[in-house]
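Chemist: start03.cif is reproduced in full below (mmCIF, C-alpha atoms).
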data_work
#
loop_
_atom_site.group_PDB
_atom_site.id
_atom_site.type_symbol
_atom_site.label_atom_id
_atom_site.label_comp_id
_atom_site.auth_asym_id
_atom_site.auth_seq_id
_atom_site.Cartn_x
_atom_site.Cartn_y
_atom_site.Cartn_z
ATOM 1 C CA MET A 283 -4.242 155.625 42.934
ATOM 2 C CA ILE A 284 -6.364 158.113 44.755
ATOM 3 C CA THR A 285 -10.036 158.851 44.283
ATOM 4 C CA LEU A 286 -11.138 162.470 44.200
ATOM 5 C CA SER A 287 -14.744 163.531 43.815
ATOM 6 C CA PHE A 288 -16.492 166.518 42.324
ATOM 7 C CA ASP A 289 -20.116 167.582 42.148
ATOM 8 C CA ARG A 290 -21.286 166.987 38.605
ATOM 9 C CA GLN A 291 -24.567 168.649 37.787
ATOM 10 C CA ILE A 292 -26.981 166.368 35.976
ATOM 11 C CA GLU A 293 -29.932 168.484 34.935
ATOM 12 C CA THR A 294 -31.202 169.885 38.216
ATOM 13 C CA ILE A 295 -29.542 167.270 40.348
ATOM 14 C CA VAL A 296 -25.938 167.565 41.463
ATOM 15 C CA SER A 297 -24.313 164.206 41.899
ATOM 16 C CA ALA A 298 -20.973 163.400 43.458
ATOM 17 C CA PHE A 299 -18.764 161.943 40.729
ATOM 18 C CA PRO A 300 -15.788 159.937 41.959
ATOM 19 C CA VAL A 301 -12.633 160.256 39.866
ATOM 20 C CA PRO A 302 -9.911 157.677 40.451
ATOM 21 C CA ILE A 303 -6.462 159.122 39.647
ATOM 22 C CA ARG A 304 -3.329 157.056 39.094
ATOM 23 C CA LEU A 305 0.322 157.803 38.365
ATOM 24 C CA LYS A 306 2.623 156.335 35.732
ATOM 25 C CA ALA A 307 6.246 157.426 35.539
ATOM 26 C CA ALA A 308 9.618 156.492 34.090
ATOM 27 C CA GLU A 309 12.969 157.802 33.041
ATOM 28 C CA LYS A 310 12.292 159.323 29.651
ATOM 29 C CA SER A 311 14.021 156.608 27.655
ATOM 30 C CA GLN A 312 11.601 154.082 29.181
ATOM 31 C CA THR A 313 7.845 153.528 29.014
ATOM 32 C CA PRO A 314 5.959 155.077 31.942
ATOM 33 C CA ALA A 315 4.629 152.455 34.317
ATOM 34 C CA ILE A 316 2.822 152.282 37.613
ATOM 35 C CA LEU A 317 5.416 152.729 40.336
ATOM 36 C CA VAL A 318 3.412 151.385 43.261
ATOM 37 C CA PRO A 319 0.627 148.869 42.495
ATOM 38 C CA GLU A 320 -1.319 149.872 45.569
ATOM 39 C CA GLY A 321 -0.313 153.519 45.492
ATOM 40 C CA THR A 322 -2.584 155.773 47.462
ATOM 41 C CA THR A 323 -1.482 159.321 46.623
ATOM 42 C CA ALA A 324 -0.664 159.630 42.885
ATOM 43 C CA ALA A 325 1.925 162.164 44.078
ATOM 44 C CA LEU A 326 5.295 161.947 42.317
ATOM 45 C CA ASP A 327 8.577 162.396 44.199
ATOM 46 C CA VAL A 328 11.540 163.132 41.908
ATOM 47 C CA ARG A 329 15.189 163.293 42.954
ATOM 48 C CA LEU A 330 17.920 164.220 40.502
ATOM 49 C CA GLN A 331 21.382 163.266 41.658
ATOM 50 C CA ALA A 332 24.785 164.311 40.340
ATOM 51 C CA ASP A 333 28.037 162.395 40.666
ATOM 52 C CA LEU A 334 30.366 164.887 42.332
ATOM 53 C CA ASP A 335 33.398 162.670 41.818
ATOM 54 C CA PRO A 336 34.032 162.356 38.094
ATOM 55 C CA GLY A 337 36.995 160.132 38.866
ATOM 56 C CA VAL A 338 37.003 156.399 39.367
ATOM 57 C CA SER A 339 34.575 156.263 42.264
ATOM 58 C CA ALA A 340 31.028 157.595 42.277
ATOM 59 C CA SER A 341 29.616 159.960 44.851
ATOM 60 C CA TYR A 342 26.048 160.912 44.047
ATOM 61 C CA GLN A 343 24.361 163.821 45.770
ATOM 62 C CA THR A 344 20.803 165.000 45.253
ATOM 63 C CA VAL A 345 20.822 168.398 43.553
ATOM 64 C CA PHE A 346 17.107 168.828 42.794
ATOM 65 C CA LYS A 347 14.004 167.526 44.531
ATOM 66 C CA VAL A 348 10.556 167.928 42.972
ATOM 67 C CA VAL A 349 7.222 166.767 44.387
ATOM 68 C CA PHE A 350 4.118 166.840 42.186
ATOM 69 C CA THR A 351 0.684 166.632 43.834
ATOM 70 C CA PRO A 352 -2.711 166.461 42.083
ATOM 71 C CA THR A 353 -5.705 168.192 43.628
ATOM 72 C CA LEU A 354 -9.257 168.947 42.614
ATOM 73 C CA ASP A 355 -10.874 172.297 43.407
ATOM 74 C CA VAL A 356 -14.473 172.984 44.345
ATOM 75 C CA ASP A 357 -15.284 173.927 40.750
ATOM 76 C CA GLY A 358 -14.268 170.508 39.485
ATOM 77 C CA ARG A 359 -11.006 171.666 37.927
ATOM 78 C CA MET A 360 -7.858 169.591 38.327
ATOM 79 C CA HIS A 361 -4.631 171.180 39.520
ATOM 80 C CA LEU A 362 -1.135 169.772 39.440
ATOM 81 C CA GLY A 363 0.940 171.563 42.011
ATOM 82 C CA TYR A 364 4.632 171.043 42.459
ATOM 83 C CA VAL A 365 7.458 172.177 44.693
ATOM 84 C CA VAL A 366 10.994 172.212 43.287
ATOM 85 C CA THR A 367 13.844 172.507 45.768
ATOM 86 C CA ASN A 368 17.573 173.014 45.461
ATOM 87 C CA MET A 369 19.403 170.396 47.486
ATOM 88 C CA LEU A 370 22.750 171.390 48.959
ATOM 89 C CA ALA A 371 25.641 169.520 50.541
ATOM 90 C CA GLY A 372 24.639 167.406 53.522
ATOM 91 C CA ALA A 373 21.116 166.880 52.159
ATOM 92 C CA VAL A 374 20.210 170.405 53.232
ATOM 93 C CA ALA A 375 17.274 171.961 51.385
ATOM 94 C CA GLY A 376 18.048 175.265 49.726
ATOM 95 C CA ASN A 377 15.787 177.628 47.821
ATOM 96 C CA SER A 378 12.466 176.321 46.594
ATOM 97 C CA GLU A 379 9.620 177.404 44.357
ATOM 98 C CA THR A 380 5.976 176.361 44.392
ATOM 99 C CA LYS A 381 3.932 176.204 41.201
ATOM 100 C CA ASP A 382 0.332 175.334 40.421
ATOM 101 C CA VAL A 383 -0.723 174.240 36.943
ATOM 102 C CA VAL A 384 -4.463 174.459 36.379
ATOM 103 C CA HIS A 385 -6.051 172.160 33.831
ATOM 104 C CA ASP A 386 -7.619 173.863 30.810
ATOM 105 C CA GLN A 387 -10.894 172.009 31.265
ATOM 106 C CA ASN A 388 -13.321 171.554 34.098
ATOM 107 C CA LEU A 389 -13.711 167.829 34.730
ATOM 108 C CA ASP A 390 -17.293 167.956 33.494
ATOM 109 C CA THR A 391 -16.061 169.396 30.186
ATOM 110 C CA TYR A 392 -13.180 166.917 30.128
ATOM 111 C CA LEU A 393 -15.467 163.943 30.686
ATOM 112 C CA THR A 394 -17.925 165.130 28.051
ATOM 113 C CA ALA A 395 -15.082 165.538 25.532
ATOM 114 C CA ALA A 396 -13.798 162.097 26.532
ATOM 115 C CA GLY A 397 -17.112 160.551 25.551
ATOM 116 C CA VAL A 398 -18.642 160.397 29.000
ATOM 117 C CA PRO A 399 -21.320 163.095 28.832
ATOM 118 C CA ARG A 400 -23.761 163.892 31.557
ATOM 119 C CA GLU A 401 -26.569 161.419 31.782
ATOM 120 C CA ASP A 402 -29.645 161.932 29.642
ATOM 121 C CA PRO A 403 -32.339 164.159 31.102
ATOM 122 C CA LEU A 404 -34.148 162.308 33.818
ATOM 123 C CA THR A 405 -37.437 160.813 32.753
ATOM 124 C CA PRO A 406 -40.333 159.784 34.956
ATOM 125 C CA VAL A 407 -40.256 156.087 35.740
ATOM 126 C CA SER A 408 -43.692 155.982 37.375
ATOM 127 C CA GLU A 409 -46.462 158.408 38.034
ATOM 128 C CA SER A 410 -49.404 158.293 40.414
ATOM 129 C CA ASP A 411 -52.886 159.202 39.290
ATOM 130 C CA ASP A 412 -53.149 162.319 41.377
ATOM 131 C CA GLY A 413 -49.760 163.532 40.367
ATOM 132 C CA ASP A 414 -48.630 164.138 43.940
ATOM 133 C CA ASP A 415 -45.710 161.762 43.768
ATOM 134 C CA MET A 416 -43.385 161.379 40.864
ATOM 135 C CA LEU A 417 -40.274 159.314 40.610
ATOM 136 C CA PHE A 418 -37.388 160.727 38.627
ATOM 137 C CA GLY A 419 -34.580 158.319 38.136
ATOM 138 C CA GLY A 420 -35.557 156.502 41.260
ATOM 139 C CA ASN A 421 -35.626 159.575 43.495
ATOM 140 C CA ALA A 422 -39.018 160.316 45.017
ATOM 141 C CA LEU A 423 -40.025 163.955 44.846
ATOM 142 C CA SER A 424 -42.899 165.211 46.944
ATOM 143 C CA MET B 58 24.488 154.334 31.940
ATOM 144 C CA PRO B 59 23.360 157.700 33.327
ATOM 145 C CA GLU B 60 23.373 160.866 31.325
ATOM 146 C CA THR B 61 26.680 162.758 31.548
ATOM 147 C CA LEU B 62 26.945 166.501 31.004
ATOM 148 C CA ASP B 63 30.194 168.479 30.851
ATOM 149 C CA TYR B 64 31.195 171.892 32.093
ATOM 150 C CA ASP B 65 34.491 173.765 32.235
ATOM 151 C CA ARG B 66 35.724 173.651 35.807
ATOM 152 C CA PRO B 67 38.350 176.321 36.527
ATOM 153 C CA LEU B 68 41.322 174.589 38.077
ATOM 154 C CA ALA B 69 44.540 176.241 39.117
ATOM 155 C CA ASP B 70 45.823 175.754 35.606
ATOM 156 C CA PRO B 71 44.222 175.108 33.252
ATOM 157 C CA VAL B 72 40.383 175.027 33.106
ATOM 158 C CA GLU B 73 39.322 171.408 32.777
ATOM 159 C CA SER B 74 36.231 170.010 31.093
ATOM 160 C CA THR B 75 34.486 168.072 33.866
ATOM 161 C CA PRO B 76 31.924 165.363 33.118
ATOM 162 C CA ILE B 77 29.073 165.144 35.639
ATOM 163 C CA ALA B 78 26.923 162.016 35.559
ATOM 164 C CA PHE B 79 23.272 162.322 36.592
ATOM 165 C CA LYS B 80 20.970 159.727 38.095
ATOM 166 C CA LEU B 81 17.183 159.833 38.468
ATOM 167 C CA LEU B 82 15.178 158.483 41.411
ATOM 168 C CA LEU B 83 11.363 158.291 41.430
ATOM 169 C CA SER B 84 8.575 157.191 43.713
ATOM 170 C CA GLU B 85 4.908 157.613 44.398
ATOM 171 C CA LEU B 86 4.623 159.188 47.826
ATOM 172 C CA PRO B 87 4.978 158.113 50.571
ATOM 173 C CA GLU B 88 7.409 155.520 49.167
ATOM 174 C CA VAL B 89 11.138 156.247 49.135
ATOM 175 C CA PRO B 90 12.478 157.352 45.724
ATOM 176 C CA ALA B 91 14.524 154.734 43.909
ATOM 177 C CA ALA B 92 16.083 154.217 40.501
ATOM 178 C CA VAL B 93 13.466 153.024 38.026
ATOM 179 C CA ALA B 94 15.692 152.385 35.025
ATOM 180 C CA VAL B 95 18.885 150.378 35.367
ATOM 181 C CA ASP B 96 19.927 151.310 31.853
ATOM 182 C CA GLY B 97 18.375 154.765 31.808
ATOM 183 C CA THR B 98 20.162 157.155 29.501
ATOM 184 C CA THR B 99 18.473 160.509 29.992
ATOM 185 C CA SER B 100 17.822 161.087 33.708
ATOM 186 C CA ASP B 101 14.745 163.010 32.523
ATOM 187 C CA VAL B 102 11.241 162.324 33.840
ATOM 188 C CA LEU B 103 8.288 161.273 31.731
ATOM 189 C CA ALA B 104 5.150 160.756 33.785
ATOM 190 C CA TYR B 105 1.401 160.774 33.326
ATOM 191 C CA LEU B 106 -1.463 161.350 35.669
ATOM 192 C CA GLU B 107 -4.403 159.335 34.447
ATOM 193 C CA LEU B 108 -8.014 159.253 35.500
ATOM 194 C CA ASP B 109 -10.670 156.622 35.142
ATOM 195 C CA VAL B 110 -13.472 158.290 33.207
ATOM 196 C CA ASP B 111 -15.831 155.382 33.730
ATOM 197 C CA ASP B 112 -17.507 155.635 37.109
ATOM 198 C CA ASP B 113 -19.131 152.279 36.520
ATOM 199 C CA VAL B 114 -17.721 148.822 37.117
ATOM 200 C CA THR B 115 -15.280 148.881 34.215
ATOM 201 C CA VAL B 116 -12.207 151.103 33.980
ATOM 202 C CA ASP B 117 -11.216 153.453 31.201
ATOM 203 C CA TRP B 118 -7.968 155.268 31.979
ATOM 204 C CA ARG B 119 -7.261 158.506 30.132
ATOM 205 C CA SER B 120 -4.326 160.899 30.441
ATOM 206 C CA LEU B 121 -4.942 164.081 32.397
ATOM 207 C CA PHE B 122 -1.469 165.630 32.813
ATOM 208 C CA ARG B 123 1.922 164.883 31.264
ATOM 209 C CA ILE B 124 5.025 165.714 33.317
ATOM 210 C CA GLU B 125 8.470 166.142 31.775
ATOM 211 C CA THR B 126 11.760 167.328 33.196
ATOM 212 C CA ALA B 127 15.150 168.020 31.630
ATOM 213 C CA GLN B 128 18.349 169.097 33.328
ATOM 214 C CA ALA B 129 21.097 171.153 31.737
ATOM 215 C CA LEU B 130 24.601 172.153 32.743
ATOM 216 C CA SER B 131 26.129 175.186 31.073
ATOM 217 C CA ILE B 132 29.787 175.305 30.206
ATOM 218 C CA SER B 133 30.256 177.719 33.097
ATOM 219 C CA GLY B 134 28.649 175.259 35.537
ATOM 220 C CA ILE B 135 25.138 176.714 35.877
ATOM 221 C CA LEU B 136 22.738 173.850 36.627
ATOM 222 C CA THR B 137 19.079 174.152 35.610
ATOM 223 C CA LEU B 138 16.027 171.930 35.709
ATOM 224 C CA THR B 139 13.256 172.595 33.192
ATOM 225 C CA ILE B 140 9.830 171.330 34.272
ATOM 226 C CA THR B 141 7.063 171.060 31.704
ATOM 227 C CA VAL B 142 3.512 170.172 32.738
ATOM 228 C CA THR B 143 1.007 169.711 29.921
ATOM 229 C CA PRO B 144 -2.707 169.251 30.567
ATOM 230 C CA ILE B 145 -4.235 166.612 28.296
ATOM 231 C CA LEU B 146 -7.740 167.483 27.141
ATOM 232 C CA GLY B 147 -10.711 165.154 27.117
ATOM 233 C CA ASN B 148 -10.315 164.519 23.389
ATOM 234 C CA GLY B 149 -6.697 163.435 23.908
ATOM 235 C CA SER B 150 -5.042 166.546 22.498
ATOM 236 C CA ASP B 151 -2.558 168.691 24.400
ATOM 237 C CA GLY B 152 -3.755 171.663 26.382
ATOM 238 C CA THR B 153 -1.721 174.703 27.367
ATOM 239 C CA PRO B 154 1.729 173.629 28.592
ATOM 240 C CA SER B 155 3.388 175.240 31.579
ATOM 241 C CA VAL B 156 7.175 175.505 31.353
ATOM 242 C CA TYR B 157 9.337 176.546 34.284
ATOM 243 C CA VAL B 158 13.132 176.748 34.367
ATOM 244 C CA PHE B 159 14.549 176.414 37.862
ATOM 245 C CA THR B 160 18.192 177.415 38.330
ATOM 246 C CA HIS B 161 20.253 175.883 41.113
ATOM 247 C CA GLN B 162 21.444 178.487 43.584
ATOM 248 C CA GLN B 163 24.977 177.098 43.505
ATOM 249 C CA ASN B 164 27.368 176.758 40.613
ATOM 250 C CA MET B 165 28.452 173.164 39.875
ATOM 251 C CA ASP B 166 31.966 174.027 41.011
ATOM 252 C CA THR B 167 30.577 175.126 44.388
ATOM 253 C CA ILE B 168 28.373 172.025 44.633
ATOM 254 C CA GLN B 169 31.380 169.806 44.026
ATOM 255 C CA THR B 170 33.560 171.723 46.463
ATOM 256 C CA LEU B 171 30.993 171.770 49.283
ATOM 257 C CA GLY B 172 30.208 168.112 48.558
ATOM 258 C CA GLY B 173 33.791 167.200 49.402
ATOM 259 C CA PHE B 174 35.409 167.358 45.997
ATOM 260 C CA PRO B 175 37.336 170.648 45.742
ATOM 261 C CA ARG B 176 39.352 171.711 42.731
ATOM 262 C CA THR B 177 42.617 169.874 42.365
#
Is it possible to express this structure as structure tokens?
Modeler:
Amino acid sequence: MITLSFDRQIETIVSAFPVPIRLKAAEKSQTPAILVPEGTTAALDVRLQADLDPGVSASYQTVFKVVFTPTLDVDGRMHLGYVVTNMLAGAVAGNSETKDVVHDQNLDTYLTAAGVPREDPLTPVSESDDGDDMLFGGNALS
Amino acid sequence: MPETLDYDRPLADPVESTPIAFKLLLSELPEVPAAVAVDGTTSDVLAYLELDVDDDVTVDWRSLFRIETAQALSISGILTLTITVTPILGNGSDGTPSVYVFTHQQNMDTIQTLGGFPRT
């Protein structure tokens, strides 16, 4: 799990909103599960190996390597970037391609759609007689 | 049992259908990739990135991206890996998927030969 943070605007106040991200993965016939209980990156490393000796023995060699990495941009939009690499004999890396998949929704939109809307408009919690000092949500404004 | 795909490997005489077994290794970086399914049958990836939408004390994990891969081997030995990344929207429905087909730069016959298993 990693924790990313974006600036979520709540009325006129922008508040840092931490977003913990975790990874679950499996071979497709299985149910995805957390790979590392104390994982710190949520980045997925995939190796596909082929058995080059179809005979009695097995000799597996990695033919594709893919690394997926989540990031969060300054606009609060999640990206999932990945690099796919051909692996050649002797574990030598061949050609590779880099891709970046941008999420359809800004995290603020995502969270609102997920039932976690921005907080209600801030309301005064106390007010002095002369009106010089007002507290909004616990933050003193002068 | 890993997934096995076949292609026609051109031998001296004749061309021979050659089964190639595939095995999948996974890890969360920086850990070393390892097999995650002893009895896996597909060698394809299914993974989710999830986020905790509750910034309070409790946790509420929701899917953010779905990752899928599928390899294919043509009868002429062309090896491809199809990668599909699908954003999951806040309401749980699928967003716009991104599909990319990556073709290995070497034919399977070349991979086998350079890997120490030339035609017989």
Chemist: Determine the nearest neighbour of A:Asp390 from the options A:Ala375, A:Met360, A:Val318, A:Val345, counting only C-alpha atoms.
Modeler: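 Comparing A:Ala375, A:Met360, A:Val318, A:Val345 against A:Asp390, the winner is A:Met360.
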Chemist: Using all atoms listed in the file, find the one residue out of A:Ala307, A:Thr313, A:Thr394, A:Leu370 that sits nearest to chain B.
Modeler: A:Ala307
Chemist: Give me, as a list in words, the residues of chain A touching chain B, with the criterion being at most 6 Å (counting only C-alpha atoms).
Modeler: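 Selected residues: Pro302, Ile303, Arg304, Leu305, Lys306, Ala307, Ala308, Glu309, Lys310, Ala325, Leu326, Asp327, Val328, Arg329, Leu330, Gln331, Ala332, Asp333, Leu334, Asn368, Ala371, His385, Tyr392, Ala395 and Ala396 of chain A.
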Chemist: What's the separation between atom CA of A:Gly358 and atom CA of A:Ser287, in Å to one decimal place?
Modeler: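 Straight-line distance from atom CA of A:Gly358 to atom CA of A:Ser287 works out to 8.2 Å.
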Chemist: Take the point (-16.4, 165.0, 41.8) in the file's coordinates, draw a sphere of radius 9 Å around it, and report as a ChimeraX atom specification every protein, DNA or RNA residue with an atom inside or on it, counting all atoms listed in the file.
Modeler: /A:286-290,297-301,354,356,358,389-390
Chemist: Using atom CA of A:Pro352 and atom CA of B:Leu130 as the two end points, give the distance in Å to one decimal.
Modeler: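 Between atom CA of A:Pro352 and atom CA of B:Leu130 the gap is 29.4 Å.
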Chemist: Suppose you want the space between atom CA of A:Gln343 and atom CA of A:Met369; what is it in Å?
Modeler: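 Separation of atom CA of A:Gln343 and atom CA of A:Met369: 8.4 Å.
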Chemist: Could you list, as an mmCIF file with C-alpha atoms, in the frame of the given file, every residue within 12 Å of B:Pro71, counting all atoms listed in the file and ignoring same-chain residues fewer than 5 positions away?
Modeler:
data_model
loop_
_atom_site.group_PDB
_atom_site.id
_atom_site.type_symbol
_atom_site.label_atom_id
_atom_site.label_comp_id
_atom_site.auth_asym_id
_atom_site.auth_seq_id
_atom_site.Cartn_x
_atom_site.Cartn_y
_atom_site.Cartn_z
ATOM 1 C CA ASP B 65 34.491 173.765 32.235
ATOM 2 C CA ARG B 66 35.724 173.651 35.807
ATOM 3 C CA ARG B 176 39.352 171.711 42.731
ATOM 4 C CA THR B 177 42.617 169.874 42.365
#
Chemist: Missing atoms in stretch 302-336 of chain A should be modelled up to N, CA and C atoms and reported as a compact mmCIF listing (two decimals), in the frame of the given file.
Modeler:
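Output saved as result_18.txt:
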# COMPACT_ATOMS: atom_id res chain seq x y z
N PRO A 302 -11.16 158.32 40.07
CA PRO A 302 -9.91 157.68 40.45
C PRO A 302 -8.75 158.24 39.62
N ILE A 303 -7.65 158.56 40.29
CA ILE A 303 -6.46 159.12 39.65
C ILE A 303 -5.29 158.19 39.92
N ARG A 304 -4.51 157.88 38.88
CA ARG A 304 -3.33 157.06 39.09
C ARG A 304 -2.12 157.70 38.42
N LEU A 305 -0.94 157.23 38.83
CA LEU A 305 0.32 157.80 38.36
C LEU A 305 1.13 156.75 37.61
N LYS A 306 1.66 157.16 36.45
CA LYS A 306 2.62 156.34 35.73
C LYS A 306 3.86 157.19 35.48
N ALA A 307 5.03 156.63 35.69
CA ALA A 307 6.25 157.43 35.54
C ALA A 307 7.40 156.54 35.11
N ALA A 308 8.41 157.20 34.52
CA ALA A 308 9.62 156.49 34.09
C ALA A 308 10.70 157.50 33.78
N GLU A 309 11.93 156.99 33.65
CA GLU A 309 12.97 157.80 33.04
C GLU A 309 12.63 157.87 31.56
N LYS A 310 12.88 159.03 30.95
CA LYS A 310 12.29 159.32 29.65
C LYS A 310 12.61 158.31 28.55
N SER A 311 13.70 157.60 28.67
CA SER A 311 14.02 156.61 27.66
C SER A 311 13.19 155.34 27.82
N GLN A 312 12.40 155.27 28.89
CA GLN A 312 11.60 154.08 29.18
C GLN A 312 10.11 154.39 29.03
N THR A 313 9.30 153.35 29.09
CA THR A 313 7.84 153.53 29.01
C THR A 313 7.29 153.76 30.41
N PRO A 314 6.52 154.83 30.61
CA PRO A 314 5.96 155.08 31.94
C PRO A 314 5.15 153.89 32.44
N ALA A 315 5.32 153.59 33.71
CA ALA A 315 4.63 152.46 34.32
C ALA A 315 4.18 152.84 35.72
N ILE A 316 3.27 152.05 36.24
CA ILE A 316 2.82 152.28 37.61
C ILE A 316 3.98 151.97 38.55
N LEU A 317 4.28 152.90 39.44
CA LEU A 317 5.42 152.73 40.34
C LEU A 317 5.05 151.87 41.55
N VAL A 318 3.86 152.11 42.07
CA VAL A 318 3.41 151.38 43.26
C VAL A 318 2.03 150.80 42.96
N PRO A 319 1.92 149.47 42.86
CA PRO A 319 0.63 148.87 42.50
C PRO A 319 -0.52 149.31 43.39
N GLU A 320 -0.26 149.47 44.64
CA GLU A 320 -1.32 149.87 45.57
C GLU A 320 -1.10 151.31 46.04
N GLY A 321 -0.58 152.13 45.14
CA GLY A 321 -0.31 153.52 45.49
C GLY A 321 -1.57 154.23 45.94
N THR A 322 -1.41 155.12 46.87
CA THR A 322 -2.58 155.77 47.46
C THR A 322 -2.59 157.29 47.30
N THR A 323 -1.55 157.86 46.67
CA THR A 323 -1.48 159.32 46.62
C THR A 323 -1.45 159.89 45.21
N ALA A 324 -0.91 159.15 44.25
CA ALA A 324 -0.66 159.63 42.88
C ALA A 324 0.25 160.85 42.88
N ALA A 325 0.98 161.06 43.97
CA ALA A 325 1.92 162.16 44.08
C ALA A 325 3.32 161.66 43.72
N LEU A 326 4.00 162.39 42.85
CA LEU A 326 5.30 161.95 42.32
C LEU A 326 6.44 162.67 43.02
N ASP A 327 7.38 161.88 43.54
CA ASP A 327 8.58 162.40 44.20
C ASP A 327 9.76 162.15 43.27
N VAL A 328 10.42 163.22 42.86
CA VAL A 328 11.54 163.13 41.91
C VAL A 328 12.82 163.62 42.60
N ARG A 329 13.87 162.86 42.47
CA ARG A 329 15.19 163.29 42.95
C ARG A 329 16.17 163.16 41.79
N LEU A 330 16.87 164.25 41.51
CA LEU A 330 17.92 164.22 40.50
C LEU A 330 19.25 164.30 41.22
N GLN A 331 20.10 163.32 40.98
CA GLN A 331 21.38 163.27 41.66
C GLN A 331 22.52 163.48 40.67
N ALA A 332 23.59 164.08 41.16
CA ALA A 332 24.78 164.31 40.34
C ALA A 332 25.97 163.62 40.99
N ASP A 333 26.82 163.04 40.16
CA ASP A 333 28.04 162.40 40.67
C ASP A 333 29.10 163.47 40.82
N LEU A 334 29.42 163.80 42.07
CA LEU A 334 30.37 164.89 42.33
C LEU A 334 31.82 164.46 42.15
N ASP A 335 32.04 163.18 42.00
CA ASP A 335 33.40 162.67 41.82
C ASP A 335 33.53 162.07 40.43
N PRO A 336 33.94 162.86 39.47
CA PRO A 336 34.03 162.36 38.09
C PRO A 336 35.17 161.36 37.91
